[in-house]
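This is upload09.txt (compact mmCIF, C-alpha atoms).
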# COMPACT_ATOMS: atom_id res chain seq x y z
CA MET A 1 0.00 0.00 0.00
CA ALA A 2 1.42 3.36 -1.01
CA ILE A 3 1.35 6.03 1.70
CA PRO A 4 0.33 9.49 0.47
CA ASP A 5 3.01 12.17 0.16
CA MET A 6 3.24 14.58 3.09
CA THR A 7 2.31 18.19 2.74
CA ARG A 8 4.92 20.69 3.88
CA PRO A 9 4.23 21.42 7.57
CA GLY A 10 6.16 24.72 7.62
CA PRO A 11 8.70 26.78 5.71
CA ASP A 12 11.69 25.29 7.57
CA ALA A 13 10.76 21.67 6.95
CA VAL A 14 13.26 19.63 4.95
CA GLU A 15 11.96 17.65 1.99
CA ALA A 16 13.10 14.11 1.27
CA ARG A 17 12.01 11.28 -1.00
CA LEU A 18 11.88 7.86 0.64
CA ASN A 19 12.04 4.67 -1.40
CA TYR A 20 10.66 1.66 0.42
CA SER A 21 11.53 -1.99 0.05
CA ASP A 22 8.08 -2.79 -1.37
CA GLY A 23 8.83 -0.61 -4.40
CA THR A 24 6.67 2.33 -3.33
CA SER A 25 8.02 5.78 -2.52
CA ARG A 26 6.85 8.85 -0.70
CA THR A 27 7.80 12.49 -0.21
CA VAL A 28 8.19 13.44 3.44
CA PHE A 29 9.03 16.67 5.23
CA THR A 30 11.00 16.67 8.47
CA THR A 31 11.36 19.28 11.16
CA ASP A 32 13.83 19.52 14.05
CA VAL A 33 11.07 19.20 16.63
CA GLU A 34 11.70 16.22 18.91
CA VAL A 35 8.78 14.78 20.85
CA PRO A 36 9.92 13.23 24.14
CA PHE A 37 9.22 9.57 24.78
CA PRO A 38 6.28 9.25 27.20
CA GLU A 39 7.54 8.33 30.68
CA GLY A 40 6.85 4.83 31.91
CA ARG A 41 5.20 3.66 28.72
CA LEU A 42 5.92 1.16 25.97
CA ILE A 43 5.03 1.70 22.33
CA VAL A 44 3.67 -1.57 20.99
CA SER A 45 2.67 -2.69 17.52
CA ARG A 46 2.21 -5.92 15.62
CA THR A 47 2.51 -6.58 11.94
CA ASP A 48 1.72 -9.42 9.62
CA LEU A 49 4.46 -11.21 7.72
CA ALA A 50 4.48 -8.48 5.08
CA GLY A 51 5.10 -5.72 7.62
CA VAL A 52 1.53 -4.40 7.55
CA ILE A 53 0.37 -3.02 10.91
CA THR A 54 -2.33 -5.18 12.53
CA HIS A 55 -2.26 -3.79 16.10
CA ALA A 56 -1.16 -0.52 17.66
CA ASN A 57 -1.41 0.35 21.33
CA ASP A 58 -2.48 3.79 22.52
CA ALA A 59 1.11 5.00 22.96
CA PHE A 60 1.92 3.96 19.38
CA VAL A 61 -1.04 5.90 18.05
CA GLU A 62 -0.33 8.98 20.17
CA MET A 63 3.37 9.12 19.31
CA SER A 64 2.87 8.50 15.59
CA GLY A 65 0.52 11.46 15.16
CA TRP A 66 -1.72 9.31 12.94
CA GLN A 67 -5.21 8.09 13.73
CA ARG A 68 -5.54 4.42 14.62
CA ASP A 69 -7.60 3.64 11.53
CA GLU A 70 -4.91 5.26 9.38
CA LEU A 71 -2.26 3.01 10.93
CA ILE A 72 -4.05 -0.36 10.88
CA GLY A 73 -3.45 -1.80 7.43
CA ALA A 74 -0.59 0.60 6.66
CA PRO A 75 2.98 -0.60 6.14
CA HIS A 76 5.20 -0.25 9.19
CA HIS A 77 7.59 1.95 7.21
CA ILE A 78 5.05 4.73 7.69
CA LEU A 79 7.36 5.58 10.65
CA ARG A 80 10.57 5.65 8.60
CA HIS A 81 12.57 8.84 9.10
CA PRO A 82 14.91 9.92 6.28
CA ASP A 83 17.74 10.34 8.83
CA MET A 84 17.72 6.58 9.40
CA PRO A 85 20.25 4.76 7.21
CA ALA A 86 19.03 1.50 5.72
CA VAL A 87 21.98 -0.30 7.27
CA ALA A 88 20.68 0.54 10.76
CA PHE A 89 17.80 -1.81 10.01
CA LYS A 90 20.11 -4.39 8.48
CA GLY A 91 19.41 -7.68 10.06
CA LEU A 92 15.96 -6.69 11.35
CA TRP A 93 13.92 -8.65 8.86
CA ASP A 94 16.55 -11.38 8.49
CA ASP A 95 16.68 -11.85 12.27
CA VAL A 96 12.96 -11.94 12.96
CA ALA A 97 12.23 -14.09 9.91
CA ALA A 98 14.81 -16.54 11.30
CA GLY A 99 12.97 -16.57 14.63
CA LYS A 100 15.44 -14.28 16.43
CA LYS A 101 15.02 -11.10 18.43
CA TRP A 102 16.27 -7.77 17.03
CA HIS A 103 17.21 -4.60 18.95
CA GLY A 104 18.08 -1.16 17.66
CA TYR A 105 17.96 2.57 18.31
CA VAL A 106 15.57 4.19 15.87
CA LYS A 107 14.57 7.73 14.98
CA ASN A 108 10.90 7.63 13.99
CA LEU A 109 8.97 10.10 11.87
CA ARG A 110 5.66 11.49 13.05
CA LYS A 111 2.84 12.44 10.74
CA ASP A 112 3.61 16.14 11.20
CA GLY A 113 7.33 15.82 10.36
CA SER A 114 8.60 15.91 13.94
CA TYR A 115 10.41 12.90 15.36
CA TYR A 116 11.00 10.71 18.43
CA TRP A 117 13.81 8.35 19.36
CA VAL A 118 13.16 4.85 20.65
CA TYR A 119 15.00 1.72 21.63
CA ALA A 120 13.15 -0.86 19.57
CA THR A 121 12.90 -4.62 19.99
CA ALA A 122 11.21 -6.86 17.44
CA VAL A 123 10.31 -10.50 17.97
CA PRO A 124 8.58 -13.02 15.73
CA ASN A 125 5.16 -14.29 16.81
CA ILE A 126 5.63 -18.04 16.71
CA ARG A 127 2.43 -20.10 16.91
CA ASN A 128 2.49 -23.88 16.57
CA GLY A 129 6.03 -23.61 15.28
CA GLN A 130 5.17 -21.14 12.52
CA ILE A 131 5.98 -17.42 12.37
CA VAL A 132 2.63 -15.69 11.90
CA GLY A 133 3.67 -12.06 12.42
CA TYR A 134 5.92 -9.77 14.38
CA THR A 135 5.66 -7.72 17.58
CA SER A 136 7.69 -4.57 18.04
CA VAL A 137 8.05 -2.87 21.42
CA ARG A 138 9.82 0.47 21.85
CA ARG A 139 11.01 1.81 25.14
CA LYS A 140 12.61 5.05 26.28
CA PRO A 141 16.18 5.08 24.98
CA SER A 142 19.41 6.16 26.59
CA ARG A 143 20.21 9.72 25.50
CA THR A 144 23.90 8.89 25.77
CA ARG A 145 23.54 6.10 23.22
CA ILE A 146 21.50 8.29 20.89
CA ASN A 147 24.14 11.02 20.99
CA GLU A 148 26.77 8.42 20.18
CA LEU A 149 24.72 7.05 17.29
CA ILE A 150 23.65 10.30 15.62
CA PRO A 151 27.06 10.88 13.93
CA VAL A 152 27.33 7.17 13.12
CA TYR A 153 23.93 7.11 11.41
CA ARG A 154 24.82 10.34 9.56
CA GLN A 155 28.01 8.77 8.28
CA TRP A 156 26.22 5.60 7.19
CA LEU A 157 23.59 7.68 5.43
CA GLU A 158 26.25 9.63 3.52
CA GLN A 159 27.90 6.38 2.49
CA GLU A 160 24.58 5.07 1.21
CA LYS A 161 23.95 8.23 -0.81
CA SER A 162 27.42 8.50 -2.30
CA PRO A 163 27.95 6.70 -5.61
CA SER A 164 30.34 3.82 -5.04
CA MET B 165 -11.91 -35.09 43.14
CA THR B 166 -9.98 -32.15 44.52
CA LEU B 167 -8.08 -29.67 42.37
CA ASN B 168 -5.27 -27.50 43.71
CA PHE B 169 -5.73 -23.76 43.16
CA LEU B 170 -2.36 -22.03 43.48
CA ILE B 171 -2.17 -18.28 44.09
CA ALA B 172 1.08 -16.52 43.12
CA PRO B 173 2.73 -15.27 46.31
CA ASP B 174 2.93 -11.62 45.26
CA PHE B 175 -0.45 -10.49 46.63
CA ALA B 176 -0.66 -8.13 49.59
CA PRO B 177 -1.24 -9.84 52.97
CA GLU B 178 -4.55 -8.07 53.44
CA ARG B 179 -5.88 -9.90 50.32
CA PHE B 180 -5.46 -13.31 51.94
CA ALA B 181 -9.07 -13.47 53.12
CA GLY B 182 -10.24 -12.44 49.66
CA TRP B 183 -8.60 -15.44 48.00
CA HIS B 184 -10.28 -17.77 50.49
CA MET B 185 -13.64 -16.12 49.82
CA LEU B 186 -13.09 -16.54 46.08
CA ASN B 187 -12.09 -20.16 46.49
CA THR B 188 -15.23 -20.87 48.49
CA ALA B 189 -17.44 -19.20 45.89
CA LEU B 190 -15.76 -21.05 43.03
CA GLN B 191 -16.27 -24.40 44.73
CA ARG B 192 -19.93 -23.71 45.40
CA ARG B 193 -20.65 -22.56 41.84
CA SER B 194 -18.55 -25.06 39.93
CA GLY B 195 -19.32 -28.07 42.09
CA ILE B 196 -15.60 -28.86 42.08
CA HIS B 197 -13.64 -29.13 45.29
CA LEU B 198 -10.71 -26.73 45.22
CA HIS B 199 -7.81 -26.76 47.63
CA LEU B 200 -6.31 -23.26 47.94
CA MET B 201 -2.52 -23.13 47.94
CA THR B 202 -0.86 -19.86 48.98
CA PRO B 203 2.90 -20.36 48.93
CA SER B 204 4.75 -17.80 51.01
CA GLY B 205 7.40 -17.02 48.41
CA ALA B 206 8.81 -17.70 44.99
CA SER B 207 10.83 -20.74 46.08
CA GLU B 208 7.82 -22.39 47.73
CA GLN B 209 5.76 -21.76 44.59
CA ALA B 210 8.55 -23.22 42.45
CA ALA B 211 8.52 -26.39 44.57
CA VAL B 212 4.75 -26.81 44.07
CA LEU B 213 5.12 -26.33 40.34
CA ALA B 214 8.10 -28.66 40.12
CA ALA B 215 6.03 -31.35 41.83
CA ASP B 216 3.29 -30.73 39.23
CA GLN B 217 0.73 -30.23 42.00
CA ALA B 218 -1.05 -27.12 40.70
CA ASP B 219 -4.22 -27.57 38.64
CA VAL B 220 -5.42 -23.97 38.50
CA ILE B 221 -2.97 -21.10 38.93
CA TYR B 222 -3.34 -17.38 39.45
CA ALA B 223 0.08 -16.70 37.99
CA ASN B 224 2.21 -13.66 37.70
CA PRO B 225 2.83 -12.86 34.05
CA PHE B 226 6.46 -13.89 33.94
CA ASP B 227 5.77 -17.28 35.48
CA ALA B 228 2.80 -17.61 33.15
CA ALA B 229 5.06 -17.25 30.12
CA ASP B 230 6.96 -20.40 31.01
CA MET B 231 3.85 -22.30 32.05
CA VAL B 232 2.02 -21.55 28.80
CA ARG B 233 4.90 -21.94 26.36
CA ALA B 234 6.93 -24.70 28.00
CA ARG B 235 4.36 -26.65 30.00
CA GLY B 236 1.17 -26.32 28.01
CA PHE B 237 -0.95 -24.61 30.67
CA ILE B 238 -4.17 -23.16 29.28
CA PRO B 239 -4.76 -19.43 29.88
CA PHE B 240 -8.46 -18.75 30.40
CA ALA B 241 -8.97 -15.59 32.48
CA ARG B 242 -7.28 -12.49 33.82
CA PRO B 243 -8.26 -9.71 36.21
CA ALA B 244 -10.34 -7.12 34.37
CA GLU B 245 -8.93 -3.59 34.16
CA ARG B 246 -6.03 -4.53 36.40
CA PHE B 247 -2.53 -4.44 35.00
CA ASP B 248 0.82 -5.23 36.56
CA GLU B 249 2.68 -1.94 36.81
CA MET B 250 5.63 -0.89 38.93
CA VAL B 251 6.92 2.23 40.65
CA ILE B 252 10.46 3.41 41.28
CA ALA B 253 10.45 5.79 44.25
CA THR B 254 13.03 7.61 46.31
CA GLY B 255 12.94 9.28 49.70
CA ALA B 256 11.29 12.69 49.58
CA GLU B 257 14.49 14.18 51.01
CA SER B 258 16.88 12.40 48.61
CA GLY B 259 17.26 15.32 46.23
CA LEU B 260 16.58 12.97 43.30
CA GLY B 261 13.80 14.01 40.98
CA ARG B 262 13.81 11.56 38.06
CA VAL B 263 15.28 8.25 36.99
CA GLU B 264 18.12 9.98 35.16
CA ASP B 265 19.34 11.34 38.55
CA LEU B 266 20.26 7.80 39.66
CA ARG B 267 23.96 6.93 39.28
CA PRO B 268 26.13 3.80 39.15
CA GLY B 269 26.75 2.47 42.64
CA HIS B 270 23.43 3.66 43.97
CA ARG B 271 21.55 1.23 46.22
CA ILE B 272 18.10 -0.04 45.23
CA ALA B 273 15.79 -1.90 47.63
CA MET B 274 13.65 -4.60 46.11
CA THR B 275 11.44 -7.51 47.11
CA ASP B 276 11.74 -10.90 45.42
CA ASN B 277 9.47 -10.11 42.48
CA LYS B 278 10.75 -10.93 39.01
CA ASP B 279 8.30 -8.89 37.00
CA VAL B 280 8.81 -5.77 39.09
CA LYS B 281 12.55 -6.13 38.69
CA LEU B 282 12.41 -6.72 34.96
CA ILE B 283 10.13 -3.79 34.20
CA GLY B 284 12.16 -1.63 36.61
CA LEU B 285 15.41 -2.46 34.87
CA ARG B 286 13.91 -1.35 31.56
CA LEU B 287 12.79 1.92 33.14
CA LEU B 288 16.37 2.52 34.34
CA GLU B 289 17.83 2.28 30.83
CA PRO B 290 17.37 5.99 30.07
CA ALA B 291 19.75 6.61 33.01
CA ASP B 292 22.37 4.31 31.39
CA LEU B 293 22.00 1.97 34.35
CA THR B 294 22.19 -1.79 34.10
CA GLU B 295 21.73 -4.40 36.81
CA SER B 296 25.48 -4.78 37.41
CA LEU B 297 26.02 -1.04 37.90
CA LEU B 298 23.71 -0.87 40.93
CA GLU B 299 23.81 -2.33 44.41
CA TRP B 300 20.70 -4.39 45.10
CA VAL B 301 19.32 -4.64 48.61
CA ALA B 302 16.91 -7.55 49.09
CA VAL B 303 14.00 -6.83 51.44
CA ASP B 304 11.11 -8.97 52.65
CA SER B 305 8.30 -6.48 52.15
CA TYR B 306 7.35 -3.32 50.33
CA GLN B 307 7.03 -1.61 53.70
CA ALA B 308 10.68 -2.42 54.39
CA ALA B 309 11.66 -1.06 50.97
CA ALA B 310 9.78 2.15 51.71
CA ARG B 311 11.43 2.54 55.12
CA MET B 312 14.91 2.18 53.65
CA ALA B 313 14.20 4.76 50.95
CA ILE B 314 12.72 7.21 53.47
CA LYS B 315 15.73 6.83 55.80
CA GLY B 316 18.14 7.31 52.89
CA GLU B 317 19.62 3.83 53.33
CA VAL B 318 18.92 3.25 49.65
CA GLN B 319 18.63 5.82 46.86
CA ALA B 320 15.51 4.18 45.44
CA ALA B 321 13.14 1.26 45.86
CA PHE B 322 11.15 -0.86 43.41
CA PHE B 323 7.45 -1.44 44.15
CA LEU B 324 4.59 -3.29 42.56
CA ALA B 325 2.32 -0.35 41.79
CA ASP B 326 -0.58 -1.86 43.72
CA ALA B 327 1.66 -2.36 46.73
CA PHE B 328 2.89 1.22 46.48
CA ALA B 329 -0.69 2.46 46.36
CA SER B 330 -1.52 0.41 49.45
CA LEU B 331 1.24 2.03 51.54
CA SER B 332 -0.10 4.38 54.18
CA ARG B 333 -0.66 7.97 53.23
CA MET B 334 2.04 8.98 55.73
CA THR B 335 4.56 6.63 54.12
CA ARG B 336 3.77 7.74 50.60
CA SER B 337 4.12 11.39 51.63
CA GLN B 338 7.73 10.66 52.56
CA LEU B 339 8.48 9.12 49.16
CA GLN B 340 8.85 10.64 45.75
CA VAL B 341 7.97 8.70 42.60
CA LEU B 342 10.78 8.81 40.03
CA VAL B 343 8.80 6.89 37.41
CA GLU B 344 5.69 4.72 37.25
CA SER B 345 5.14 2.25 34.44
CA ARG B 346 2.00 2.63 32.34
CA ILE B 347 2.32 -0.40 30.10
CA ARG B 348 -1.30 -1.58 30.40
CA ASP B 349 -0.62 -4.79 28.49
CA ILE B 350 0.81 -7.03 31.22
CA SER B 351 -1.38 -8.65 33.85
CA HIS B 352 -1.67 -11.71 36.04
CA VAL B 353 -3.21 -14.70 34.28
CA VAL B 354 -5.41 -17.57 35.44
CA LEU B 355 -4.15 -20.85 34.00
CA ALA B 356 -5.41 -24.40 33.97
CA HIS B 357 -3.28 -27.51 33.79
CA PRO B 358 -4.07 -29.39 30.56
CA ARG B 359 -5.04 -32.45 32.61
CA ILE B 360 -8.14 -30.62 33.90
CA ALA B 361 -9.39 -29.52 30.46
CA GLY B 362 -12.62 -31.41 31.17
CA GLU B 363 -13.37 -29.39 34.31
CA LEU B 364 -12.17 -26.10 32.88
CA PRO B 365 -15.50 -24.87 31.41
CA ARG B 366 -17.19 -25.11 34.84
CA ILE B 367 -14.33 -23.37 36.64
CA LYS B 368 -14.09 -20.67 33.98
CA ALA B 369 -17.84 -20.00 34.06
CA ALA B 370 -17.77 -19.76 37.84
CA LEU B 371 -14.79 -17.39 37.86
CA LEU B 372 -16.12 -15.09 35.13
CA GLY B 373 -19.48 -15.05 36.90
CA ILE B 374 -18.04 -13.63 40.10
CA GLY B 375 -19.47 -10.15 40.22
CA ALA B 376 -22.87 -11.02 38.79
CA THR B 377 -24.47 -12.16 42.02
CA ALA B 378 -25.47 -10.15 45.07
CA GLY B 379 -22.67 -10.30 47.61
CA ASP B 380 -19.96 -10.82 44.99
CA ALA B 381 -18.78 -7.24 45.38
CA GLU B 382 -17.61 -8.17 48.85
CA ILE B 383 -15.37 -10.90 47.42
CA LEU B 384 -13.97 -8.67 44.71
CA ASP B 385 -13.33 -5.83 47.16
CA ALA B 386 -11.50 -8.23 49.45
CA LEU B 387 -9.38 -9.32 46.48
CA GLY B 388 -8.72 -5.74 45.42
CA LEU B 389 -10.09 -6.64 41.97
CA PRO B 390 -13.31 -4.62 41.80
CA ALA B 391 -13.90 -5.31 38.11
CA GLY B 392 -13.62 -9.06 38.59
CA PHE B 393 -12.19 -11.38 35.96
CA GLU B 394 -12.49 -11.41 32.19
CA SER B 395 -11.99 -14.15 29.64
CA MET B 396 -8.53 -14.55 28.20
CA GLU B 397 -7.91 -16.49 25.01
CA GLN B 398 -4.75 -18.35 24.12
CA GLU B 399 -3.75 -15.66 21.63
CA ASP B 400 -4.20 -12.90 24.26
CA ALA B 401 -1.70 -14.71 26.45
CA GLU B 402 0.65 -15.37 23.54
CA PHE B 403 0.59 -11.66 22.67
CA MET B 404 1.46 -10.74 26.27
CA ILE B 405 4.26 -13.30 26.35
CA ASP B 406 5.74 -11.95 23.09
CA LEU B 407 5.64 -8.47 24.60
CA MET B 408 7.39 -9.61 27.75
CA ASP B 409 9.98 -11.42 25.65
CA THR B 410 11.05 -8.05 24.28
CA LEU B 411 11.69 -6.83 27.83
CA LEU B 412 14.06 -9.62 28.82
CA ASP B 413 17.12 -7.81 27.46

Is it possible to give me this structure as C-alpha cells?
Amino acid sequence: MAIPDMTRPGPDAVEARLNYSDGTSRTVFTTDVEVPFPEGRLIVSRTDLAGVITHANDAFVEMSGWQRDELIGAPHHILRHPDMPAVAFKGLWDDVAAGKKWHGYVKNLRKDGSYYWVYATAVPNIRNGQIVGYTSVRRKPSRTRINELIPVYRQWLEQEKSPS
Amino acid sequence: MTLNFLIAPDFAPERFAGWHMLNTALQRRSGIHLHLMTPSGASEQAAVLAADQADVIYANPFDAADMVRARGFIPFARPAERFDEMVIATGAESGLGRVEDLRPGHRIAMTDNKDVKLIGLRLLEPADLTESLLEWVAVDSYQAAARMAIKGEVQAAFFLADAFASLSRMTRSQLQVLVESRIRDISHVVLAHPRIAGELPRIKAALLGIGATAGDAEILDALGLPAGFESMEQEDAEFMIDLMDTLLD
C-alpha cells in the first residue's frame, strides 16, 4: 500500500524522497522538533508477515501522530525517518524471519514531520512452530547512546547516498 | 476429586481473606472441590510447580510465560482492568527528581518479584544503568523497601504499583515517585493444567461469573479486583508473552 506524500508542515521543513523496500516511494518533510518519549510507557505494535500493521497500542497511536484507523493496514515503514540509514535496520527482517530477536535505536517520523527516538525490539510471533507475524516494542532510549549514534547514522547515510 | 488452586505469592497480605472467599465461591458454583494453595514465596511456589501439583494457577505474568509456552498450561482468564505496573520511588528528602538522577553504585531496595525487577530495569535504561552497575538490597516487604528509601539507606526502591498504592498515606508522603510504568498490556493470568481440560469450562464460568451475584462485590473488594475477571484467550496470552519477551534484554 502506497502512503500518500506529506504536505509541507512549515517553511523550515526539509523535503526528502523515501524509497521503500516494497517498491513504493513517498515524499516526506521533516522538522527539528523532537517529541519526548512518554515516561513509563511502551510503544507496541504488531505486523503481519508483510510488515503491515495489525495492532497498535495507545502509545503507538499517540506518538505517531496518525489516527488508529490510518495506521491499521498501513505498512510499518510509515514511521521511517529519512535520517535513518538503511543499514541501521540491516538484520531486522533477516533476524525476525529466522525466529530471532532484534534490537536497535531508531529515529521515527511522526505524521507532522517531527520525530521521536526509541530503543526498539522486534520479535517473531511463533504459533504452533510457525511465524505468523511480528511484535515490536519500543522503550525510552538512553540519551547517551543516541548522541553516540547520531554521527554514526549520519556517516552511514552519507555512504549510502554517495555513488560507489 | 480435589483440584489444587495455586495463588502466586505476590499479593498483599490483606488480600489473603479475599482469596479464600473466592475459592469458596468457586467451589460452590462449579461443584468442584478446590484446595487453595498460597505459597509464602517464589521458592515455595517453584517447589509446588516442580512437583506438578497445581491444577489452576493465578500466575504472575512472567511465570505464566513459562507455564504456557513450555508446559502447556491453558490461559483462560485475567483480572479485568487490572494491570501489573511498577513504581520506582526515592525518599522525599533524597534530592533525586527523576530516573536519570540515579547513578552507578546507587543502592536499590527490592522484594523478590521478578516482573517488578524486569520492568524496573527497563525503566532505568534511560539513566544508562544496568543491573550490574547498581547495588541491590533484598527486602522482605514493600514496607521495608519504603522505610529504607525514606531513611536514605537506599537511593531508590522498586514497588509493585498496587503495593505502592496500598502504603499508608504517611509513608507515601515521605516518598517521591521517580517513574511509574504505564504499560497496560501485562497482567496476572489464570491458568489451567491441561489435565483438567474437562473441568475447565465449569471453573471458567464460575470465575467469570463472580461479580454477577449479590454479595460478589464483597469478594472482589476483598481481592482488590473490583472489576472481577475477564476471559482470556490463548492468543491474548501469547501476545502478552511476546511483549514480555522483548523486555528480557

Please provide the set of residues having any atom within 10 Å of Thr30 of chain A, restricted to all atoms listed in the file, with same-chain residues fewer than 5 positions apart removed, written as a PyMOL selection string.
chain A and resi 6+8-10+12-16+81-83+109-115

Around all listed atoms of segment 1-15 of chain A, padded 3 Å per side, what centre and edge lengths does the axis-aligned box have in Å to one decimal, as lines of an AutoDock Vina configuration file?
center_x = 6.6
center_y = 13.4
center_z = 3.3
size_x = 19.3
size_y = 32.8
size_z = 14.6

Can you list, as a ChimeraX atom specification, every protein, DNA or RNA residue that comes within 6 Å of segment 98-102 of chain A when you count all atoms listed in the file, leaving out same-chain residues fewer than 6 positions away?
/A:92,121-124

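Counting from atom CA of Arg246 of chain B, the distance to atom CA of Ala391 of chain B is 8.1 Å.
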
Give as a ChimeraX atom specification every residue of chain B that touches chain A within 7 Å, counting only C-alpha atoms.
/B:287,289-292,343-347,406-407,410

Skipping near chain neighbours, those fewer than 6 positions away, what residues fall within 8 Å of Leu342 of chain B using only C-alpha atoms, listed as an NGL selection string?
:B and (251-254 or 260-263)

Near-Val353 of chain B list (7 Å; all atoms listed in the file; drop same-chain fewer than 5 positions) as JSON, numbers by chain:
{"B": [222, 223, 224, 225, 228, 239, 241, 242]}

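Between atom CA of Pro151 of chain A and atom CA of Glu264 of chain B lies a distance of 23.1 Å.
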
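Between atom CA of Val341 of chain B and atom CA of Ala308 of chain B the interatomic distance comes to 16.4 Å.
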
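Using only C-alpha atoms, the shortest contact distance between Tyr105 of chain A and any of A:Gln155, A:Asn147, A:Asn19, A:Thr47 is found at A:Asn147.
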
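Shortest separation to Thr294 of chain B among B:Thr275, B:Arg267, B:Gly388, B:Met201 occurs at residue B:Arg267, atoms counted being only C-alpha atoms.
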
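With distances taken from (0.2, -29.9, 41.9) and restricted to only C-alpha atoms, the residues inside 12 Å are Thr166, Leu167, Asn168, Phe169, Leu170, Leu198, His199, Leu200, Met201, Gln209, Ala210, Ala211, Val212, Leu213, Ala214, Ala215, Asp216, Gln217, Ala218, Asp219, Val220, Ile221, Ala356, His357, Arg359 and Ile360 of chain B.
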